[in-house]
>>> print(open('work-v2.cif').read())   # mmCIF, C-alpha atoms and all ligand atoms
data_work
loop_
_atom_site.label_atom_id
_atom_site.label_comp_id
_atom_site.auth_asym_id
_atom_site.auth_seq_id
_atom_site.Cartn_x
_atom_site.Cartn_y
_atom_site.Cartn_z
CA MET A 1 41.46 -109.62 -69.54
CA ARG A 2 44.33 -109.85 -71.99
CA SER A 3 46.62 -106.86 -71.85
CA THR A 4 47.81 -105.51 -75.15
CA GLY A 5 48.82 -102.12 -73.84
CA VAL A 6 51.29 -100.64 -71.46
CA ASP A 7 51.57 -102.10 -68.03
CA TYR A 8 53.96 -100.14 -65.90
CA ARG A 9 54.40 -102.92 -63.43
CA GLY A 10 55.86 -105.05 -66.17
CA MET A 11 57.84 -102.33 -67.84
CA ASN A 12 61.60 -102.80 -68.11
CA GLY A 13 61.05 -105.93 -66.11
CA LEU A 14 60.74 -103.75 -63.04
CA GLY A 15 57.85 -102.79 -60.80
CA PRO A 16 57.19 -99.11 -60.16
CA ALA A 17 59.25 -99.00 -57.02
CA GLU A 18 62.27 -100.54 -58.68
CA SER A 19 62.01 -98.69 -61.96
CA GLY A 20 61.91 -95.46 -60.00
CA ALA A 21 59.05 -94.00 -62.00
CA LYS A 22 55.35 -94.50 -62.22
CA PRO A 23 52.79 -92.51 -64.13
CA CYS A 24 50.77 -89.99 -62.27
CA PHE A 25 47.65 -88.11 -63.10
CA PHE A 26 46.85 -85.01 -61.20
CA VAL A 27 43.48 -83.63 -61.88
CA THR A 28 41.22 -82.53 -59.17
CA ARG A 29 39.99 -79.55 -57.25
CA GLY A 30 37.57 -79.25 -54.41
CA ALA A 31 37.75 -80.84 -50.99
CA ASN A 32 33.99 -81.25 -50.75
CA ARG A 33 33.87 -83.34 -53.83
CA ILE A 34 36.65 -85.61 -52.69
CA ALA A 35 35.03 -86.04 -49.32
CA ALA A 36 31.79 -87.11 -50.98
CA LYS A 37 33.56 -89.56 -53.19
CA ARG A 38 35.47 -91.08 -50.33
CA LYS A 39 32.22 -91.65 -48.52
CA SER A 40 30.55 -93.38 -51.40
CA ARG A 41 33.55 -95.61 -51.99
CA LYS A 42 33.56 -96.59 -48.37
CA GLU A 43 29.88 -97.40 -48.56
CA GLU A 44 30.40 -99.55 -51.62
CA GLY A 45 32.99 -101.63 -49.82
CA GLY A 46 35.53 -103.94 -51.42
CA MET A 47 34.97 -104.35 -55.14
CA GLY A 48 37.28 -106.28 -57.37
CA SER A 49 41.02 -106.08 -57.66
CA VAL A 50 42.94 -102.84 -57.33
CA THR A 51 44.60 -101.61 -60.47
CA PHE A 52 44.18 -97.86 -60.18
CA ARG A 53 45.48 -95.98 -57.16
CA VAL A 54 44.16 -92.60 -56.17
CA ALA A 55 45.96 -90.54 -53.54
CA VAL A 56 43.98 -87.62 -52.24
CA LEU A 57 45.72 -84.58 -50.82
CA PHE A 58 43.62 -82.13 -48.83
CA ALA A 59 44.82 -78.82 -47.47
CA LEU A 60 48.41 -77.84 -46.74
CA ALA A 61 47.77 -78.43 -43.08
CA SER A 62 47.23 -82.11 -43.68
CA MET A 63 50.34 -82.60 -45.77
CA ALA A 64 52.45 -83.30 -42.75
CA ALA A 65 50.13 -86.18 -41.99
CA PHE A 66 50.13 -87.39 -45.54
CA GLY A 67 52.63 -90.14 -45.14
CA CYS A 68 51.08 -91.60 -42.03
CA GLY A 69 47.69 -92.79 -40.90
CA LYS A 70 46.69 -93.75 -44.40
CA THR A 71 43.31 -95.26 -44.91
CA GLU A 72 42.68 -97.64 -47.71
CA GLU A 73 39.41 -98.13 -49.45
CA ARG A 74 38.37 -100.08 -52.42
CA GLY A 75 35.50 -99.16 -54.61
CA LYS A 76 34.12 -98.58 -57.99
CA ALA A 77 34.62 -95.65 -60.32
CA PRO A 78 31.43 -93.92 -61.45
CA SER A 79 31.52 -95.67 -64.80
CA GLY A 80 31.62 -99.00 -63.05
CA GLY A 81 34.69 -100.19 -64.89
CA THR A 82 37.55 -98.96 -62.77
CA PRO A 83 38.29 -100.43 -59.40
CA ALA A 84 40.12 -97.99 -57.19
CA THR A 85 42.04 -97.59 -54.03
CA THR A 86 42.10 -94.28 -52.27
CA GLU A 87 44.95 -93.28 -50.04
CA THR A 88 44.55 -90.20 -47.98
CA GLY A 89 46.11 -88.31 -45.17
CA ALA A 90 44.26 -87.06 -42.13
CA GLU A 91 40.64 -87.67 -42.84
CA LYS A 92 39.30 -84.99 -40.53
CA THR A 93 40.83 -82.24 -42.66
CA ALA A 94 38.85 -83.33 -45.70
CA ALA A 95 36.20 -80.65 -45.71
CA GLN A 96 38.37 -77.78 -44.48
CA PRO A 97 39.46 -75.40 -47.22
CA GLU A 98 42.94 -73.90 -47.04
CA LYS A 99 43.17 -70.92 -44.72
CA GLY A 100 42.25 -67.80 -46.65
CA ALA A 101 40.94 -69.78 -49.59
CA LYS A 102 37.40 -69.40 -50.82
CA PRO A 103 35.16 -72.42 -50.37
CA ALA A 104 35.92 -74.99 -53.02
CA GLU A 105 32.78 -74.11 -54.96
CA ARG A 106 34.62 -74.19 -58.24
CA GLY A 107 35.94 -77.64 -57.53
CA ALA A 108 32.37 -78.79 -57.33
CA THR A 109 32.20 -78.75 -61.10
CA PHE A 110 35.63 -78.06 -62.60
CA GLY A 111 37.42 -80.90 -60.84
CA VAL A 112 34.56 -83.37 -60.96
CA GLU A 113 33.92 -82.86 -64.63
CA THR A 114 37.56 -83.14 -65.62
CA GLU A 115 37.99 -86.25 -63.55
CA ASN A 116 34.81 -87.76 -64.97
CA GLY A 117 36.21 -87.24 -68.45
CA ILE A 118 39.49 -88.86 -67.49
CA ASN A 119 37.72 -91.81 -65.88
CA LEU A 120 35.66 -92.34 -69.00
CA ALA A 121 38.89 -92.48 -71.01
CA VAL A 122 40.23 -95.05 -68.57
CA THR A 123 37.09 -97.12 -69.02
CA ASP A 124 37.36 -96.92 -72.82
CA ILE A 125 41.03 -97.85 -72.77
CA LYS A 126 40.33 -100.83 -70.56
CA ALA A 127 37.44 -101.87 -72.81
CA GLU A 128 39.99 -102.20 -75.59
CA GLY A 129 41.85 -104.69 -73.44
CA LYS A 130 44.66 -102.28 -72.65
CA THR A 131 46.15 -101.57 -69.27
CA TRP A 132 45.81 -98.12 -67.82
CA PRO A 133 48.77 -97.24 -65.62
CA GLU A 134 48.60 -96.79 -61.89
CA MET A 135 47.08 -93.42 -61.08
CA ILE A 136 47.34 -91.03 -58.15
CA THR A 137 44.80 -88.23 -57.89
CA VAL A 138 45.45 -85.27 -55.64
CA ASP A 139 43.09 -82.47 -54.73
CA ASN A 140 45.02 -79.21 -55.05
CA GLY A 141 42.41 -77.23 -53.11
CA GLY A 142 42.27 -74.62 -55.86
CA SER A 143 45.56 -73.09 -54.66
CA PRO A 144 48.75 -72.50 -56.70
CA THR A 145 50.88 -73.01 -53.56
CA GLN A 146 49.30 -76.34 -52.82
CA THR A 147 49.55 -77.27 -56.45
CA ALA A 148 53.29 -76.59 -56.49
CA SER A 149 53.84 -78.67 -53.34
CA ALA A 150 51.76 -81.52 -54.73
CA VAL A 151 53.70 -81.56 -57.97
CA LYS A 152 57.01 -81.53 -56.13
CA ARG A 153 55.85 -84.50 -54.13
CA PHE A 154 54.74 -86.35 -57.27
CA ILE A 155 58.16 -85.84 -58.73
CA ASP A 156 60.39 -86.40 -55.72
CA SER A 157 58.50 -88.97 -53.64
CA ASP A 158 55.99 -90.67 -55.91
CA LYS A 159 58.47 -90.75 -58.80
CA VAL A 160 55.74 -90.31 -61.37
CA SER A 161 56.30 -90.49 -65.12
CA VAL A 162 53.73 -87.97 -66.26
CA ILE A 163 51.34 -85.46 -64.73
CA LEU A 164 47.87 -84.73 -66.05
CA GLY A 165 46.37 -81.41 -64.90
CA PRO A 166 45.72 -79.02 -63.31
CA VAL A 167 42.59 -77.32 -64.61
CA THR A 168 43.00 -73.54 -64.28
CA SER A 169 45.77 -71.24 -65.45
CA ASN A 170 47.19 -69.86 -62.18
CA GLU A 171 47.61 -73.40 -60.93
CA ALA A 172 48.90 -74.70 -64.23
CA ILE A 173 51.59 -72.01 -64.22
CA ALA A 174 52.65 -73.01 -60.69
CA ALA A 175 52.54 -76.72 -61.57
CA GLY A 176 54.40 -76.17 -64.84
CA ASP A 177 57.29 -74.41 -63.10
CA GLN A 178 57.75 -77.41 -60.82
CA ALA A 179 57.35 -79.92 -63.64
CA GLU A 180 59.96 -78.07 -65.66
CA ALA A 181 62.39 -77.95 -62.75
CA GLY A 182 61.85 -81.65 -62.08
CA MET A 183 61.96 -82.56 -65.79
CA VAL A 184 58.62 -84.41 -65.72
CA PRO A 185 56.08 -84.06 -68.53
CA LEU A 186 52.84 -82.32 -67.59
CA VAL A 187 49.76 -82.03 -69.77
CA THR A 188 47.03 -79.63 -68.74
CA PRO A 189 43.72 -80.49 -70.39
CA THR A 190 42.25 -77.05 -69.95
CA ALA A 191 44.54 -74.18 -68.88
CA THR A 192 44.49 -71.59 -71.64
CA ASN A 193 46.69 -68.69 -70.42
CA VAL A 194 49.56 -68.15 -72.84
CA MET A 195 52.24 -68.27 -70.12
CA VAL A 196 51.46 -71.88 -69.16
CA THR A 197 53.69 -73.36 -71.86
CA VAL A 198 56.10 -70.49 -72.60
CA ASN A 199 59.74 -71.59 -72.40
CA LYS A 200 58.76 -75.01 -71.12
CA LYS A 201 60.22 -78.18 -72.50
CA TYR A 202 58.04 -80.44 -70.32
CA VAL A 203 54.69 -78.62 -70.26
CA PHE A 204 51.92 -79.20 -72.83
CA ARG A 205 48.22 -78.61 -73.28
CA VAL A 206 45.53 -80.18 -75.47
CA CYS A 207 43.46 -76.98 -75.66
CA TYR A 208 43.85 -73.70 -77.52
CA THR A 209 45.36 -70.60 -75.89
CA ASP A 210 43.89 -67.28 -74.82
CA ASP A 211 45.63 -65.38 -77.57
CA VAL A 212 43.18 -67.25 -79.79
CA GLN A 213 40.18 -67.26 -77.44
CA GLY A 214 40.29 -63.50 -76.59
CA PRO A 215 40.48 -62.29 -80.21
CA MET A 216 37.76 -64.76 -81.28
CA ALA A 217 35.49 -63.36 -78.57
CA ALA A 218 36.26 -59.84 -79.86
CA ASN A 219 35.47 -60.87 -83.44
CA PHE A 220 32.20 -62.40 -82.29
CA ALA A 221 31.23 -59.22 -80.43
CA TYR A 222 32.14 -57.07 -83.41
CA ASP A 223 30.82 -59.22 -86.27
CA THR A 224 27.88 -61.13 -84.85
CA LEU A 225 26.64 -58.86 -82.08
CA LYS A 226 27.59 -55.79 -84.15
CA ALA A 227 29.04 -54.23 -81.00
CA ARG A 228 31.05 -51.05 -81.58
CA ARG A 229 31.37 -49.85 -78.00
CA ALA A 230 32.60 -52.52 -75.58
CA ALA A 231 33.54 -52.58 -71.90
CA VAL A 232 35.96 -55.06 -70.34
CA LEU A 233 35.72 -56.34 -66.78
CA VAL A 234 38.49 -58.66 -65.56
CA ASN A 235 39.39 -60.55 -62.39
CA SER A 236 42.82 -59.17 -61.48
CA SER A 237 43.51 -62.19 -59.23
CA GLU A 238 43.58 -64.54 -62.23
CA SER A 239 46.23 -64.53 -64.97
CA TYR A 240 43.59 -66.24 -67.09
CA SER A 241 41.22 -63.28 -66.89
CA MET A 242 43.93 -60.60 -67.26
CA GLY A 243 45.43 -62.24 -70.35
CA LEU A 244 42.04 -62.58 -72.00
CA GLY A 245 41.13 -58.96 -71.23
CA ASP A 246 44.26 -57.70 -72.99
CA ALA A 247 43.76 -59.98 -75.98
CA PHE A 248 40.15 -58.86 -76.39
CA VAL A 249 40.98 -55.16 -76.15
CA LYS A 250 43.74 -55.44 -78.74
CA ARG A 251 41.57 -57.23 -81.31
CA PHE A 252 38.44 -55.16 -80.69
CA LYS A 253 40.40 -51.94 -81.28
CA GLU A 254 42.11 -53.39 -84.34
CA ARG A 255 38.68 -54.08 -85.75
CA GLY A 256 37.74 -50.44 -85.28
CA GLY A 257 35.70 -50.82 -82.10
CA GLU A 258 35.92 -48.55 -79.08
CA ILE A 259 36.70 -49.73 -75.55
CA VAL A 260 34.57 -47.44 -73.39
CA SER A 261 35.58 -48.83 -70.01
CA GLN A 262 38.15 -51.21 -68.53
CA MET A 263 37.61 -52.29 -64.95
CA SER A 264 38.61 -55.07 -62.63
CA PHE A 265 37.49 -56.98 -59.57
CA THR A 266 39.31 -59.57 -57.45
CA LYS A 267 38.70 -63.10 -56.27
CA ASP A 268 37.16 -61.65 -53.10
CA THR A 269 34.63 -59.39 -54.83
CA ASP A 270 31.05 -60.22 -53.94
CA ASP A 271 29.49 -56.85 -54.67
CA PHE A 272 29.84 -55.59 -58.24
CA GLY A 273 27.86 -52.40 -57.49
CA ALA A 274 30.68 -49.96 -58.30
CA GLN A 275 31.50 -51.65 -61.60
CA ILE A 276 27.82 -51.89 -62.55
CA SER A 277 27.23 -48.15 -61.88
CA GLN A 278 30.10 -47.29 -64.18
CA LEU A 279 28.80 -49.70 -66.83
CA ARG A 280 25.33 -48.20 -66.66
CA LEU A 281 26.80 -44.75 -67.27
CA LYS A 282 28.68 -45.97 -70.34
CA SER A 283 25.94 -48.27 -71.63
CA PRO A 284 28.22 -50.38 -73.86
CA ASP A 285 26.92 -52.63 -76.64
CA ALA A 286 28.85 -55.55 -75.16
CA ILE A 287 30.67 -56.29 -71.91
CA PHE A 288 33.57 -58.72 -72.07
CA LEU A 289 33.71 -60.70 -68.83
CA PRO A 290 36.47 -63.35 -69.04
CA ALA A 291 35.82 -64.87 -65.61
CA TYR A 292 35.08 -68.15 -63.88
CA TYR A 293 31.45 -68.99 -63.43
CA GLU A 294 31.02 -68.03 -59.76
CA ALA A 295 32.00 -64.39 -60.36
CA THR A 296 30.13 -64.38 -63.66
CA ALA A 297 26.91 -65.55 -62.03
CA LYS A 298 27.20 -62.89 -59.32
CA CYS A 299 28.12 -60.09 -61.69
CA ILE A 300 25.41 -60.76 -64.25
CA SER A 301 22.68 -61.34 -61.65
CA GLN A 302 23.55 -58.04 -59.99
CA ALA A 303 23.80 -56.24 -63.34
CA ARG A 304 20.36 -57.40 -64.44
CA ALA A 305 18.83 -56.56 -61.06
CA ALA A 306 20.26 -53.05 -61.50
CA GLY A 307 18.67 -52.75 -64.92
CA LEU A 308 21.83 -53.03 -67.03
CA ARG A 309 20.80 -54.67 -70.30
CA SER A 310 24.09 -54.86 -72.30
CA THR A 311 25.06 -58.28 -73.69
CA PHE A 312 27.86 -60.03 -71.83
CA VAL A 313 30.49 -62.01 -73.71
CA GLY A 314 32.48 -64.52 -71.71
CA THR A 315 35.00 -67.31 -72.11
CA ASP A 316 35.51 -70.95 -71.17
CA GLY A 317 35.52 -70.17 -67.44
CA TRP A 318 31.74 -69.77 -67.75
CA ASP A 319 31.43 -73.41 -68.75
CA SER A 320 29.70 -74.96 -65.77
CA PRO A 321 26.17 -76.12 -64.98
CA ASN A 322 26.47 -74.05 -61.79
CA LEU A 323 26.45 -70.84 -63.83
CA TYR A 324 22.70 -71.28 -64.28
CA THR A 325 21.84 -72.39 -60.77
CA LEU A 326 23.98 -69.73 -59.06
CA SER A 327 22.44 -66.98 -61.20
CA ALA A 328 18.95 -68.49 -61.01
CA GLY A 329 18.74 -68.19 -64.77
CA ALA A 330 19.74 -64.50 -64.90
CA VAL A 331 22.60 -65.34 -67.28
CA LYS A 332 20.15 -66.03 -70.09
CA GLY A 333 20.82 -64.31 -73.41
CA ASN A 334 24.60 -63.93 -73.27
CA TYR A 335 27.46 -65.69 -75.07
CA PHE A 336 30.75 -67.38 -74.31
CA THR A 337 33.58 -69.08 -76.13
CA THR A 338 34.52 -72.61 -75.13
CA HIS A 339 36.00 -75.89 -76.43
CA PHE A 340 33.10 -78.21 -76.91
CA SER A 341 29.33 -78.47 -77.11
CA PRO A 342 27.33 -81.69 -76.69
CA GLN A 343 25.23 -80.37 -79.60
CA GLU A 344 28.09 -80.43 -82.12
CA ASP A 345 27.27 -82.53 -85.14
CA ARG A 346 30.31 -84.81 -85.14
CA THR A 347 30.41 -88.57 -84.68
CA ALA A 348 33.07 -88.40 -81.95
CA VAL A 349 30.92 -85.94 -80.01
CA LYS A 350 27.77 -88.05 -80.32
CA ARG A 351 29.54 -91.14 -79.10
CA PHE A 352 31.18 -89.31 -76.21
CA VAL A 353 27.93 -87.65 -75.12
CA GLN A 354 26.11 -90.97 -75.18
CA ASN A 355 28.78 -92.72 -73.10
CA TYR A 356 29.12 -89.82 -70.69
CA ARG A 357 25.36 -89.68 -70.11
CA ALA A 358 25.27 -93.42 -69.53
CA ALA A 359 28.11 -93.21 -67.00
CA TYR A 360 27.22 -90.04 -65.10
CA ASN A 361 23.61 -89.26 -65.96
CA GLU A 362 24.39 -85.70 -67.06
CA GLU A 363 25.55 -83.68 -70.06
CA PRO A 364 29.31 -83.32 -70.50
CA GLY A 365 30.83 -79.84 -70.76
CA ALA A 366 34.20 -78.68 -72.08
CA LEU A 367 36.13 -79.87 -69.04
CA ALA A 368 34.83 -83.41 -69.36
CA ALA A 369 35.64 -83.50 -73.06
CA LEU A 370 39.11 -82.03 -72.57
CA GLY A 371 39.82 -84.33 -69.61
CA TYR A 372 38.90 -87.26 -71.83
CA ASP A 373 41.08 -86.04 -74.69
CA ALA A 374 44.05 -85.24 -72.45
CA ALA A 375 43.97 -88.73 -70.93
CA MET A 376 43.74 -90.29 -74.39
CA VAL A 377 46.60 -88.18 -75.75
CA VAL A 378 48.79 -89.05 -72.77
CA PHE A 379 47.94 -92.73 -73.01
CA ALA A 380 48.74 -92.79 -76.74
CA ALA A 381 52.06 -91.03 -76.03
CA VAL A 382 52.90 -93.50 -73.28
CA GLU A 383 52.13 -96.38 -75.63
CA ARG A 384 54.32 -94.92 -78.38
CA ALA A 385 57.11 -94.25 -75.90
CA GLY A 386 56.81 -97.85 -74.76
CA SER A 387 58.49 -96.89 -71.53
CA SER A 388 57.86 -95.19 -68.21
CA ASP A 389 60.86 -92.95 -68.89
CA ARG A 390 60.04 -89.26 -68.43
CA GLU A 391 62.15 -88.09 -71.38
CA ALA A 392 60.67 -90.70 -73.73
CA ILE A 393 57.13 -89.72 -72.76
CA THR A 394 57.92 -86.01 -73.12
CA LYS A 395 59.18 -86.63 -76.63
CA ALA A 396 56.15 -88.74 -77.55
CA ILE A 397 53.71 -86.10 -76.28
CA ALA A 398 55.53 -83.43 -78.30
CA GLU A 399 55.12 -85.62 -81.39
CA THR A 400 51.31 -85.82 -81.12
CA ARG A 401 49.87 -85.14 -84.58
CA ASP A 402 46.27 -85.21 -85.82
CA PHE A 403 45.00 -87.06 -82.77
CA ASP A 404 41.26 -87.58 -83.21
CA GLY A 405 39.80 -86.10 -80.05
CA VAL A 406 36.30 -85.38 -78.87
CA THR A 407 37.21 -81.67 -78.94
CA GLY A 408 38.64 -81.93 -82.47
CA LYS A 409 41.95 -82.86 -84.07
CA ILE A 410 44.81 -82.39 -81.65
CA THR A 411 48.28 -81.53 -82.93
CA ILE A 412 50.82 -80.35 -80.40
CA ASP A 413 52.61 -77.43 -82.04
CA ALA A 414 56.15 -76.12 -81.54
CA ASN A 415 54.97 -74.09 -78.55
CA HIS A 416 53.31 -77.16 -76.98
CA ASN A 417 49.78 -75.89 -77.60
CA ALA A 418 46.93 -77.34 -79.65
CA VAL A 419 45.41 -75.26 -82.43
CA LYS A 420 41.71 -76.06 -82.58
CA ASN A 421 38.28 -74.71 -83.36
CA LEU A 422 36.34 -72.83 -80.74
CA VAL A 423 32.65 -73.07 -80.12
CA ILE A 424 30.48 -70.15 -79.07
CA LEU A 425 27.53 -70.96 -76.84
CA GLU A 426 24.47 -68.92 -76.01
CA THR A 427 23.33 -69.06 -72.41
CA GLY A 428 19.76 -70.00 -71.62
CA GLU A 429 18.16 -70.10 -68.20
CA LYS A 430 19.27 -73.62 -67.38
CA SER A 431 21.96 -74.49 -69.91
CA ALA A 432 23.76 -73.22 -72.98
CA SER A 433 23.09 -73.95 -76.62
CA LEU A 434 25.47 -74.06 -79.55
CA LYS A 435 25.56 -70.78 -81.44
CA THR A 436 28.46 -71.34 -83.80
CA VAL A 437 31.80 -73.09 -84.37
CA VAL A 438 34.73 -70.85 -85.34
CA SER A 439 38.17 -71.64 -86.73
CA PRO A 440 41.11 -69.55 -85.58
N1 LIG B 1 40.76 -72.10 -69.46
C1 LIG B 1 40.53 -71.96 -68.04
C2 LIG B 1 41.84 -71.48 -67.41
O1 LIG B 1 42.83 -71.52 -68.03
C3 LIG B 1 40.09 -73.25 -67.42
C4 LIG B 1 38.78 -73.80 -67.97
C5 LIG B 1 38.74 -74.50 -69.16
C6 LIG B 1 37.60 -73.61 -67.28
C7 LIG B 1 37.54 -74.98 -69.69
C8 LIG B 1 36.39 -74.10 -67.78
C9 LIG B 1 36.35 -74.77 -68.99
O2 LIG B 1 41.91 -71.05 -66.29
#
>>> encode(input="work-v2.cif", output="structure tokens")
Amino acid sequence: MRSTGVDYRGMNGLGPAESGAKPCFFVTRGANRIAAKRKSRKEEGGMGSVTFRVAVLFALASMAAFGCGKTEERGKAPSGGTPATTETGAEKTAAQPEKGAKPAERGATFGVETENGINLAVTDIKAEGKTWPEMITVDNGGSPTQTASAVKRFIDSDKVSVILGPVTSNEAIAAGDQAEAGMVPLVTPTATNVMVTVNKKYVFRVCYTDDVQGPMAANFAYDTLKARRAAVLVNSSESYSMGLGDAFVKRFKERGGEIVSQMSFTKDTDDFGAQISQLRLKSPDAIFLPAYYEATAKCISQARAAGLRSTFVGTDGWDSPNLYTLSAGAVKGNYFTTHFSPQEDRTAVKRFVQNYRAAYNEEPGALAALGYDAAMVVFAAVERAGSSDREAITKAIAETRDFDGVTGKITIDANHNAVKNLVILETGEKSASLKTVVSP
């Protein structure tokens, strides 16, 4: 295939080792997922030439072994277009979550979906005859500490040019601090907490921020649901959830609504009984629950079993097919803000949904769409920079204007965020449907 795009190996006349920098994409969560993928690649055996390298990092415990005992596998990406090599550390640690960490349930959809979106972008770029740079994928285990170590390694040892990821805000904040210190551009597809990009020259995102998402959720509760008395329930372990809670409260009060209860839980909460009792006493019109889908599924299932009928309003952290399976459909009849719906009536969406279905045999969610867009934005920036130089790529990313993405037009603003429409979805028993599209 003729290459019209950027090939890092040829750049500056130097290979990656000599040029001292190679691009890196850092996207994944969830040891279970990685383990499954490794297995299927092994089963597939040697397929084609290797142009796309994936390094998989498991738990902290295996990091010491990372540099040695590497196994190499060749296989096929899910879309069939991207040959891959996987390099890993100690294989036996693959399925063991970090000590003290919760099982990598979230990784089962957040990481997979984001990576699927990125891989689809790679396939599309290659279909245009362009060369996608060498790629290393590391599983951060859903931990900010591991994320920070992984980013440091990308910068110091792998000498990467650009980092793509991570998915959630706590980890993006940890990753961003390291990227900033190491002066390497990082683009998170999906992390929405305001702090992610504050005072950062090298950190960007292709999604909107929670000071848009929280107020839009409050407006929806007030205007569409006609809620006047709202309760707020946040996960105090997540900056994402805390930031959204504050933003919602501020806007809901500004609109003239009353906040009748503000409560929290933590990442270890399994029993929402205390919170639900309090909510039943207050009987709010709406309950704002800016949480990831595991906690959401638990909380709403328990609330409904206890007879609490108030409408829940959530945010993009609900956006997972597992919300419906984990709650056995109990989440039906609630609403959440997110970035994308496969039902949106736009040509870019239709094309993306069709290609995604063909590649993965499922519907894409917001993470897939944002992963796709982030990879495309980074690739376009790398092409414009025409170099593997970290500063040149940083500058090119900052100059992104009116990029036609699946999730809408992407312009990186002065604060390194993208200002975009939100979509509000209504939850059914098995999936969500598009309720409305709102402009900030
Ligand atoms: N916005 C979430 C965060 O910052 C991540 C997320 C995005 C999760 C989109 C699901 C869908 O933590």
>>> residues_near_ligand(input="work-v2.cif", ligand="ligand LIG 1 (chain B)", cutoff="8 Å", atoms="all atoms listed in the file", output="list in words")
Phe110, Val167, Thr168, Ser169, Asn170, Ala172, Pro189, Thr190, Ala191, Thr192, Asn193, Asp210, Glu238, Ser239, Tyr240, Ser241, Tyr292, Thr315, Asp316, Gly317, Trp318, Asp319, Ser320, Thr338, His339, Gly365, Ala366, Leu367 and Leu370 of chain A
>>> closest_atom_pairs(input="work-v2.cif", of="stretch 291-355 of chain A", to="stretch 386-405 of chain A", cutoff="12 Å", atoms="all atoms listed in the file", output="tab-separated table")
residue	atom	partner	partner_atom	distance
A:His339	CA	A:Gly405	CA	11.5
A:Phe340	CA	A:Gly405	CA	10.8
A:Arg346	CA	A:Gly405	CA	10.8
A:Thr347	CA	A:Gly405	CA	10.8
A:Ala348	CA	A:Gly405	CA	7.4
A:Val349	CA	A:Gly405	CA	8.9
A:Arg351	CA	A:Gly405	CA	11.5
A:Phe352	CA	A:Gly405	CA	10.0
>>> residues_around(input="work-v2.cif", residues="A:Arg309", least_positions_apart="3", cutoff="10 Å", atoms="only C-alpha atoms", output="short mmCIF file (atom, residue, chain, number, x, y, z; two decimals) with C-alpha atoms, keeping the file's coordinate frame")
data_model
loop_
_atom_site.label_atom_id
_atom_site.label_comp_id
_atom_site.auth_asym_id
_atom_site.auth_seq_id
_atom_site.Cartn_x
_atom_site.Cartn_y
_atom_site.Cartn_z
CA ARG A 280 25.33 -48.20 -66.66
CA SER A 283 25.94 -48.27 -71.63
CA PRO A 284 28.22 -50.38 -73.86
CA ASP A 285 26.92 -52.63 -76.64
CA ALA A 286 28.85 -55.55 -75.16
CA ILE A 300 25.41 -60.76 -64.25
CA ALA A 303 23.80 -56.24 -63.34
CA ARG A 304 20.36 -57.40 -64.44
CA ALA A 305 18.83 -56.56 -61.06
CA ALA A 306 20.26 -53.05 -61.50
CA PHE A 312 27.86 -60.03 -71.83
#
>>> residues_near_point(input="work-v2.cif", point="(28.0, -89.1, -70.1)", cutoff="12 Å", atoms="only C-alpha atoms", output="JSON, numbers by chain")
{"A": [78, 79, 113, 116, 117, 118, 119, 120, 121, 342, 349, 350, 351, 352, 353, 354, 355, 356, 357, 358, 359, 360, 361, 362, 363, 364, 365, 368, 369, 372]}
>>> atom_distance(input="work-v2.cif", atom1="atom CA of A:Gly182", atom2="atom CA of A:Phe154")
9.8 Å
>>> residues_around(input="work-v2.cif", residues="stretch 218-234 of chain A", least_positions_apart="5", cutoff="9 Å", atoms="all atoms listed in the file", output="ChimeraX atom specification")
/A:213,241-242,244-245,247-252,255-266,275,279,282-291,311,313,424
>>> atom_distance(input="work-v2.cif", atom1="atom CA of A:Leu186", atom2="atom CA of A:Asp413")
15.3 Å
>>> atom_distance(input="work-v2.cif", atom1="atom CA of A:Ser143", atom2="atom CA of A:Ala174")
9.3 Å
